[in-house]
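Reviewing the structure listed below.
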Amino acid sequence: MDHGAWDRRKVLGTALAGAAAMTLPGMADAGEPTATGVVETTSGKVTGARAGGVSRFLGIPYGGDTSLRRFQPAQAVSPWSGVRACNTLGHKAPQGMITLPGIMGKVDPHAPGLPVMMAVANLTNAQLGESEDCLVLNVITPDAAPTRKRPVMVWLHGGAFAMGSGLDPMTDGSELVRRGDVVFVSLNHRLNAMGYLYLGGLHEDFADSGNVGMLDIVLALQWVHDNIAAFGGDPDNVTIFGQSGGGAKVSTLLGMAPAQGLFHKAIAMSGPIVSLVSKSDAQEIAEQTIARLGISKADVHTMQTIDRQKIIAAASAVRLPSAGTGLAAGTLAPMVDGRSIPADPFDPAATAFSRNIPLMVGSAKDEATLFMAGDPELGAMSEEHARERFAAVMGDRGAAAFAAYRAAYPHDDPSYLVSSMMTDRLFRSDSIVMAERKSAQNAAPVYLYRVDYEPRVAGRVLRSPHGTEVPLVFGTKVPVQFIGEGPEVDSLSDLMMTAWLDFAKNGNPAGSRLAWPRYDSRTRPNMIFDVSTRVVNDPDPVARDPVARGRA
């Protein structure tokens, strides 16, 4: 084993944990902030703070206290009188536990010793309190006045469907706003059991409960539609984008009936969703949850009043191991309820709801290494143990899948065959499926990418892990311990920011600096973001191979 590499991993984890407690940038380095003018919204008047060429409005309520409508769709916030100062972030939603299919295990946000995954997926200010009164959003704009109609970029945060919040040091949209002359919006919404525990099979009062977290996002998008012009944004040019859980929310919104007309372009970063939780699986999770809590089906309404952390803990402990392989498989995630979501968004075909919505979709080359960062065998695993890991995930199909990955990556350490297999099962394969099925509509274009850049940190043991693109797209380049620094990073960040901004403006990420063809199933072009960014046709056929995916 390479003990040096293991020491570097420990250093990386410590650095990221420290980064998670950082305060928001953008204001502190931009001089003394001044008050903005008053902006009139449909709920009341607000002011924010201006510094560094942008105006920031933080913690604007868009919905009411969800503790009053637990497991039910939220209502719009009640209007207020006077002028509300929006200078601080609002509460984040009660946090839960991420559960990933396969061999990844769970990540508990309340556990001592912040793990690497938590530090990157949920870099949100640790000091923020949790509350069910969490339906707030943040607006960053070049000029909060209705004299211009700028493209609007609505960010959906990561952390699966379980944890996270809308604005943090890594995902501060100030640089995007300054560079692109766009309006940036981010938001908090219900998560984990409070957002996705389906009780509709137990009582009709909770018919929408399995998707109330997504319906919160729809409510926020409705607020954007009704109010963003007052902040200098164009309600008819809205791009939703997100990474990890945020990308999964973007993917889900593409198939949501009430979201139609509220956004016009979409970017799903490392969060593909082909199919959602089935109603039967969602009901099984609910029944196991109330059983753990000692609540009878007849008394399901008591779930609206008991301690929320008990509910979150009980629901997070449920796992349906045979429910599938995608990011929404057998866990607390959006479901096909026949109401707000009538069908899976990309199975068996791309939903007609988003037929005319241009889409960017992609992933990092080595997503799963982030979740293996604490594994002492990463970079030093025996062939035998790798075979065992394949078998643990795929059963009797594991041997054939291992052979397929060994053939595709003949020079890799066996640990990277494991991480590549998990990367494909969770992120890459379904990203390709989304691109294929979106392209088959012969309507709005789809653009597929892969991030191959390996941050020059920790001996590159993580290669191109989950989250690599986020600080590059935002131009924050924090935490530096994760992404690295120097001319290479600056140049790649500049290129990616430009592509994302171009897409938000006109639905095409190609520009004077980037020739990026739309995806088609014949040539399968991918934009590879690296030190040398380039287009490669079908760069990872193993991710499409049913044998390698354990499905043949």
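Chain identifiers are assigned as A, B, and so on, following the order in which chains appear in the structure tokens; residues are numbered from 1 within each chain, and ligands are numbered from 1 in order of appearance.
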task: Excluding Tyr447 in chain A and any residue of its chain fewer than 6 positions from it, enumerate the residues within 7 Å of it, using only C-alpha atoms, and give them as a PyMOL selection string.
output: chain A and resi 359-361+518-519
message: Please list as a PyMOL selection string every residue within 12 Å of Cys134 in chain A, counting only C-alpha atoms and excluding residues in the same chain fewer than 5 positions away.
response: chain A and resi 59-67+74+77+89-95+128-129+164-166+187-191+194-195+213+216-217+220
Quick one: residues within 8 Å of range 417-424 of chain A, only C-alpha atoms counted, chain neighbours fewer than 4 positions away excluded, as a short mmCIF file (atom, residue, chain, number, x, y, z; two decimals) with C-alpha atoms, in the first residue's frame?
```
data_model
loop_
_atom_site.label_atom_id
_atom_site.label_comp_id
_atom_site.auth_asym_id
_atom_site.auth_seq_id
_atom_site.Cartn_x
_atom_site.Cartn_y
_atom_site.Cartn_z
CA GLY A 102 -24.34 -0.32 -3.92
CA LYS A 365 -14.65 10.96 -15.18
CA ASP A 366 -13.99 9.55 -11.68
CA GLU A 367 -17.06 10.59 -9.69
CA ALA A 368 -16.95 7.73 -7.20
CA THR A 369 -13.41 8.32 -5.94
CA MET A 372 -13.92 6.28 -1.56
CA ALA A 386 -11.70 -5.69 -6.63
CA ARG A 389 -16.37 -5.73 -4.72
CA PHE A 390 -17.84 -6.22 -8.17
CA PHE A 402 -15.04 -6.88 -13.92
CA TYR A 405 -13.76 -2.88 -17.01
CA ARG A 406 -10.36 -4.56 -16.97
CA TYR A 409 -8.89 0.21 -18.51
CA ASP A 412 -5.63 0.98 -13.96
CA ASP A 413 -5.10 -0.07 -10.38
CA ARG A 428 -22.18 8.29 -16.24
CA SER A 429 -24.41 5.62 -17.77
CA ASP A 430 -27.63 7.47 -17.01
CA ALA A 543 -20.51 2.89 -19.61
CA ALA A 548 -20.33 -3.95 -17.69
CA ARG A 549 -23.42 -2.50 -16.05
#
```
task: Have a look at A:Ala162, A:Leu135, A:Glu40, A:Leu176 and name the one nearest to Leu221 in chain A; count only C-alpha atoms.
output: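 Between A:Ala162, A:Leu135, A:Glu40, A:Leu176, the residue approaching Leu221 in chain A most closely is A:Leu135.
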Please, which residues in range 145-170 of chain A fall within 10 Å of range 481-504 of chain A when counting only C-alpha atoms, and what is the closest atom pair and distance in Å to one decimal for each, ordered by chain then residue number, as CSV?
```
residue,atom,partner,partner_atom,distance
A:Pro151,CA,A:Ala504,CA,6.5
A:Val152,CA,A:Ala504,CA,7.4
A:Met153,CA,A:Ala504,CA,6.9
```
task: Report the residues of range 234-337 of chain A whose backbone DSSP state falls under alpha helix (DSSP H), written as a ChimeraX atom specification.
output: /A:245-253,279-293,308-316
Please produce an output containing N, CA and C atoms for each residue in the selection, written as an mmCIF file, in the first residue's frame.
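Below you can see part-v2.cif, which holds the result:
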```cif
data_model
loop_
_atom_site.group_PDB
_atom_site.id
_atom_site.type_symbol
_atom_site.label_atom_id
_atom_site.label_comp_id
_atom_site.auth_asym_id
_atom_site.auth_seq_id
_atom_site.Cartn_x
_atom_site.Cartn_y
_atom_site.Cartn_z
ATOM 1 N N GLY A 245 -27.045 16.156 -6.249
ATOM 2 C CA GLY A 245 -28.470 16.183 -5.969
ATOM 3 C C GLY A 245 -29.174 17.305 -6.708
ATOM 4 N N GLY A 246 -28.466 18.416 -6.922
ATOM 5 C CA GLY A 246 -29.053 19.509 -7.692
ATOM 6 C C GLY A 246 -29.273 19.125 -9.139
ATOM 7 N N GLY A 247 -28.332 18.380 -9.716
ATOM 8 C CA GLY A 247 -28.524 17.876 -11.069
ATOM 9 C C GLY A 247 -29.682 16.910 -11.136
ATOM 10 N N ALA A 248 -29.850 16.104 -10.087
ATOM 11 C CA ALA A 248 -30.982 15.171 -10.039
ATOM 12 C C ALA A 248 -32.303 15.927 -9.949
ATOM 13 N N LYS A 249 -32.298 17.056 -9.251
ATOM 14 C CA LYS A 249 -33.515 17.872 -9.182
ATOM 15 C C LYS A 249 -33.822 18.479 -10.545
ATOM 16 N N VAL A 250 -32.777 18.933 -11.252
ATOM 17 C CA VAL A 250 -32.968 19.438 -12.613
ATOM 18 C C VAL A 250 -33.572 18.343 -13.490
ATOM 19 N N SER A 251 -32.996 17.138 -13.426
ATOM 20 C CA SER A 251 -33.488 16.023 -14.231
ATOM 21 C C SER A 251 -34.949 15.725 -13.922
ATOM 22 N N THR A 252 -35.306 15.799 -12.647
ATOM 23 C CA THR A 252 -36.685 15.536 -12.234
ATOM 24 C C THR A 252 -37.630 16.613 -12.727
ATOM 25 N N LEU A 253 -37.224 17.875 -12.632
ATOM 26 C CA LEU A 253 -38.074 18.981 -13.071
ATOM 27 C C LEU A 253 -38.422 18.884 -14.549
ATOM 28 N N LYS A 279 -44.246 4.163 -6.929
ATOM 29 C CA LYS A 279 -45.203 4.362 -5.842
ATOM 30 C C LYS A 279 -45.160 3.199 -4.856
ATOM 31 N N SER A 280 -44.971 1.983 -5.353
ATOM 32 C CA SER A 280 -44.936 0.827 -4.447
ATOM 33 C C SER A 280 -43.714 0.883 -3.537
ATOM 34 N N ASP A 281 -42.554 1.262 -4.096
ATOM 35 C CA ASP A 281 -41.358 1.386 -3.259
ATOM 36 C C ASP A 281 -41.509 2.521 -2.253
ATOM 37 N N ALA A 282 -42.080 3.642 -2.687
ATOM 38 C CA ALA A 282 -42.276 4.771 -1.782
ATOM 39 C C ALA A 282 -43.204 4.395 -0.642
ATOM 40 N N GLN A 283 -44.232 3.618 -0.956
ATOM 41 C CA GLN A 283 -45.157 3.201 0.095
ATOM 42 C C GLN A 283 -44.489 2.225 1.057
ATOM 43 N N GLU A 284 -43.622 1.356 0.535
ATOM 44 C CA GLU A 284 -42.907 0.419 1.412
ATOM 45 C C GLU A 284 -41.984 1.172 2.363
ATOM 46 N N ILE A 285 -41.293 2.199 1.862
ATOM 47 C CA ILE A 285 -40.429 3.012 2.724
ATOM 48 C C ILE A 285 -41.259 3.662 3.826
ATOM 49 N N ALA A 286 -42.416 4.191 3.470
ATOM 50 C CA ALA A 286 -43.281 4.852 4.455
ATOM 51 C C ALA A 286 -43.753 3.877 5.528
ATOM 52 N N GLU A 287 -44.165 2.690 5.103
ATOM 53 C CA GLU A 287 -44.678 1.725 6.066
ATOM 54 C C GLU A 287 -43.582 1.245 7.013
ATOM 55 N N GLN A 288 -42.376 1.048 6.476
ATOM 56 C CA GLN A 288 -41.271 0.672 7.350
ATOM 57 C C GLN A 288 -40.911 1.806 8.308
ATOM 58 N N THR A 289 -41.039 3.048 7.830
ATOM 59 C CA THR A 289 -40.713 4.198 8.673
ATOM 60 C C THR A 289 -41.666 4.308 9.850
ATOM 61 N N ILE A 290 -42.966 4.244 9.591
ATOM 62 C CA ILE A 290 -43.903 4.404 10.706
ATOM 63 C C ILE A 290 -43.828 3.206 11.653
ATOM 64 N N ALA A 291 -43.474 2.044 11.115
ATOM 65 C CA ALA A 291 -43.284 0.882 11.988
ATOM 66 C C ALA A 291 -42.114 1.113 12.933
ATOM 67 N N ARG A 292 -41.022 1.681 12.419
ATOM 68 C CA ARG A 292 -39.867 1.990 13.270
ATOM 69 C C ARG A 292 -40.233 3.010 14.346
ATOM 70 N N LEU A 293 -41.178 3.888 14.012
ATOM 71 C CA LEU A 293 -41.589 4.924 14.960
ATOM 72 C C LEU A 293 -42.685 4.442 15.906
ATOM 73 N N ARG A 308 -39.131 15.956 14.369
ATOM 74 C CA ARG A 308 -38.743 15.735 12.979
ATOM 75 C C ARG A 308 -37.477 14.891 12.858
ATOM 76 N N GLN A 309 -36.563 15.035 13.800
ATOM 77 C CA GLN A 309 -35.322 14.267 13.694
ATOM 78 C C GLN A 309 -35.573 12.777 13.897
ATOM 79 N N LYS A 310 -36.567 12.431 14.678
ATOM 80 C CA LYS A 310 -36.935 11.021 14.821
ATOM 81 C C LYS A 310 -37.475 10.484 13.495
ATOM 82 N N ILE A 311 -38.281 11.305 12.812
ATOM 83 C CA ILE A 311 -38.808 10.890 11.515
ATOM 84 C C ILE A 311 -37.679 10.730 10.507
ATOM 85 N N ILE A 312 -36.785 11.712 10.464
ATOM 86 C CA ILE A 312 -35.674 11.677 9.506
ATOM 87 C C ILE A 312 -34.793 10.457 9.753
ATOM 88 N N ALA A 313 -34.497 10.194 11.023
ATOM 89 C CA ALA A 313 -33.640 9.051 11.353
ATOM 90 C C ALA A 313 -34.311 7.735 10.969
ATOM 91 N N ALA A 314 -35.591 7.605 11.264
ATOM 92 C CA ALA A 314 -36.300 6.358 10.968
ATOM 93 C C ALA A 314 -36.398 6.132 9.466
ATOM 94 N N ALA A 315 -36.741 7.170 8.720
ATOM 95 C CA ALA A 315 -36.887 7.014 7.275
ATOM 96 C C ALA A 315 -35.544 6.774 6.598
ATOM 97 N N SER A 316 -34.494 7.433 7.086
ATOM 98 C CA SER A 316 -33.168 7.273 6.481
ATOM 99 C C SER A 316 -32.599 5.887 6.699
#
```
Kindly provide the residues of range 232-339 of chain A that approach range 154-159 of chain A to within 6 Å, each paired with its closest atom pair and their distance in Å to one decimal, based on only C-alpha atoms, listed by chain and increasing number, as JSON lines.
```
{"residue": "A:Ile240", "atom": "CA", "partner": "A:Val154", "partner_atom": "CA", "distance": 4.8}
{"residue": "A:Phe241", "atom": "CA", "partner": "A:Trp155", "partner_atom": "CA", "distance": 5.2}
{"residue": "A:Gly242", "atom": "CA", "partner": "A:Leu156", "partner_atom": "CA", "distance": 4.7}
{"residue": "A:Gln243", "atom": "CA", "partner": "A:Gly158", "partner_atom": "CA", "distance": 5.6}
{"residue": "A:Ser244", "atom": "CA", "partner": "A:Gly158", "partner_atom": "CA", "distance": 5.1}
{"residue": "A:Gly245", "atom": "CA", "partner": "A:Gly158", "partner_atom": "CA", "distance": 4.2}
{"residue": "A:Gly246", "atom": "CA", "partner": "A:Gly158", "partner_atom": "CA", "distance": 4.5}
```
Atoms kept (N, CA and C atoms) for selection, written as an mmCIF file, in the first residue's frame:
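Output below, filename out26.cif:
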```cif
data_model
loop_
_atom_site.group_PDB
_atom_site.id
_atom_site.type_symbol
_atom_site.label_atom_id
_atom_site.label_comp_id
_atom_site.auth_asym_id
_atom_site.auth_seq_id
_atom_site.Cartn_x
_atom_site.Cartn_y
_atom_site.Cartn_z
ATOM 1 N N ILE A 240 -32.330 26.499 -15.307
ATOM 2 C CA ILE A 240 -32.108 25.789 -14.050
ATOM 3 C C ILE A 240 -30.834 24.972 -14.187
ATOM 4 N N PHE A 241 -29.995 24.979 -13.145
ATOM 5 C CA PHE A 241 -28.792 24.166 -13.180
ATOM 6 C C PHE A 241 -28.457 23.702 -11.771
ATOM 7 N N GLY A 242 -27.803 22.556 -11.704
ATOM 8 C CA GLY A 242 -27.449 21.993 -10.407
ATOM 9 C C GLY A 242 -26.504 20.836 -10.581
ATOM 10 N N GLN A 243 -25.802 20.517 -9.497
ATOM 11 C CA GLN A 243 -24.818 19.432 -9.532
ATOM 12 C C GLN A 243 -25.149 18.421 -8.442
ATOM 13 N N SER A 244 -24.861 17.146 -8.723
ATOM 14 C CA SER A 244 -25.131 16.057 -7.792
ATOM 15 C C SER A 244 -26.630 16.023 -7.517
ATOM 16 N N GLY A 245 -27.045 16.156 -6.249
ATOM 17 C CA GLY A 245 -28.470 16.183 -5.969
ATOM 18 C C GLY A 245 -29.174 17.305 -6.708
ATOM 19 N N GLY A 246 -28.466 18.416 -6.922
ATOM 20 C CA GLY A 246 -29.053 19.509 -7.692
ATOM 21 C C GLY A 246 -29.273 19.125 -9.139
#
```
Shell around Leu276 in chain A at 8 Å using only C-alpha atoms, local window under 3 positions removed, as a list in words: Ile273, Ala328, Ala329, Ala333, Pro334, Met335, Val336, Asp344 and Pro345 of chain A
field: Shell around Arg450 in chain A at 8 Å using only C-alpha atoms, local window under 5 positions removed, as a PyMOL selection string
entry: chain A and resi 362-365+526-529
Selection file, C-alpha atoms, as an mmCIF file, in the first residue's frame:
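And here is the file that came out, again-v1.cif:
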```cif
data_model
loop_
_atom_site.group_PDB
_atom_site.id
_atom_site.type_symbol
_atom_site.label_atom_id
_atom_site.label_comp_id
_atom_site.auth_asym_id
_atom_site.auth_seq_id
_atom_site.Cartn_x
_atom_site.Cartn_y
_atom_site.Cartn_z
ATOM 1 C CA GLY A 362 -22.566 15.453 -18.004
ATOM 2 C CA SER A 363 -20.375 14.102 -15.245
ATOM 3 C CA ALA A 364 -16.814 13.851 -14.006
ATOM 4 C CA LYS A 365 -14.649 10.963 -15.176
ATOM 5 C CA ASN A 526 -18.694 14.611 -25.832
ATOM 6 C CA MET A 527 -16.963 17.789 -24.775
ATOM 7 C CA ILE A 528 -14.033 16.704 -22.607
ATOM 8 C CA PHE A 529 -13.056 19.454 -20.161
#
```
message: Need to verify the contact set: Asp538 in chain A, 8 Å, only C-alpha atoms, exclusion of same-chain residues closer than 6 positions in sequence. Can you return it as a ChimeraX atom specification?
response: /A:523-526
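The two atoms in question, CA of Gly398 in chain A and CA of Val547 in chain A, are spaced 9.1 Å apart.
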query: Which residues, written as an MDAnalysis selection string, have at least one atom at most 7 Å from Arg50 in chain A, with only C-alpha atoms counted and residues fewer than 2 positions away on the same chain left out?
result: chainID A and resid 33:36 48 54:56
message: For a quick check of understanding, using only C-alpha atoms, which of A:Leu448, A:Met381, A:Val318, A:Ala392 has the smallest distance to Glu436 in chain A?
response: A:Leu448
DSSP-assigned strand (DSSP E) members of range 399-460 of chain A, reported as an mmCIF file with C-alpha atoms, in the first residue's frame:
```cif
data_model
loop_
_atom_site.group_PDB
_atom_site.id
_atom_site.type_symbol
_atom_site.label_atom_id
_atom_site.label_comp_id
_atom_site.auth_asym_id
_atom_site.auth_seq_id
_atom_site.Cartn_x
_atom_site.Cartn_y
_atom_site.Cartn_z
ATOM 1 C CA VAL A 446 -28.754 18.200 -25.912
ATOM 2 C CA TYR A 447 -25.043 18.615 -25.185
ATOM 3 C CA LEU A 448 -23.033 15.941 -23.366
ATOM 4 C CA TYR A 449 -19.796 16.589 -21.475
ATOM 5 C CA ARG A 450 -17.265 14.845 -19.253
ATOM 6 C CA VAL A 451 -14.831 16.505 -16.865
#
```
- prompt: Which of these, A:Val536, A:Arg522, A:Val461, A:Pro455, has the shortest distance to Pro479 in chain A once you count only C-alpha atoms?
  reply: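 Ranking A:Val536, A:Arg522, A:Val461, A:Pro455 by distance to Pro479 in chain A, first place goes to A:Pro455.
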- prompt: Of the candidates A:Thr305, A:Glu204, A:Gly233, A:Val473, which one gets nearest to Arg179 in chain A if we count only C-alpha atoms?
  reply: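 Ranking A:Thr305, A:Glu204, A:Gly233, A:Val473 by distance to Arg179 in chain A, first place goes to A:Val473.
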query: So what do you get for CA of Pro517 in chain A versus CA of Pro541 in chain A, distance-wise?
result: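 Answer for the CA of Pro517 in chain A to CA of Pro541 in chain A separation: 18.7 Å.
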task: Would you please work out which residue, of A:Gly507, A:Asp347, A:Tyr453, A:Met303, is nearest to Ser532 in chain A when using only C-alpha atoms?
output: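 Of all the options, A:Tyr453 lies closest to Ser532 in chain A.
Between CA of Gly550 in chain A and CA of Glu384 in chain A there is a distance of 18.4 Å.
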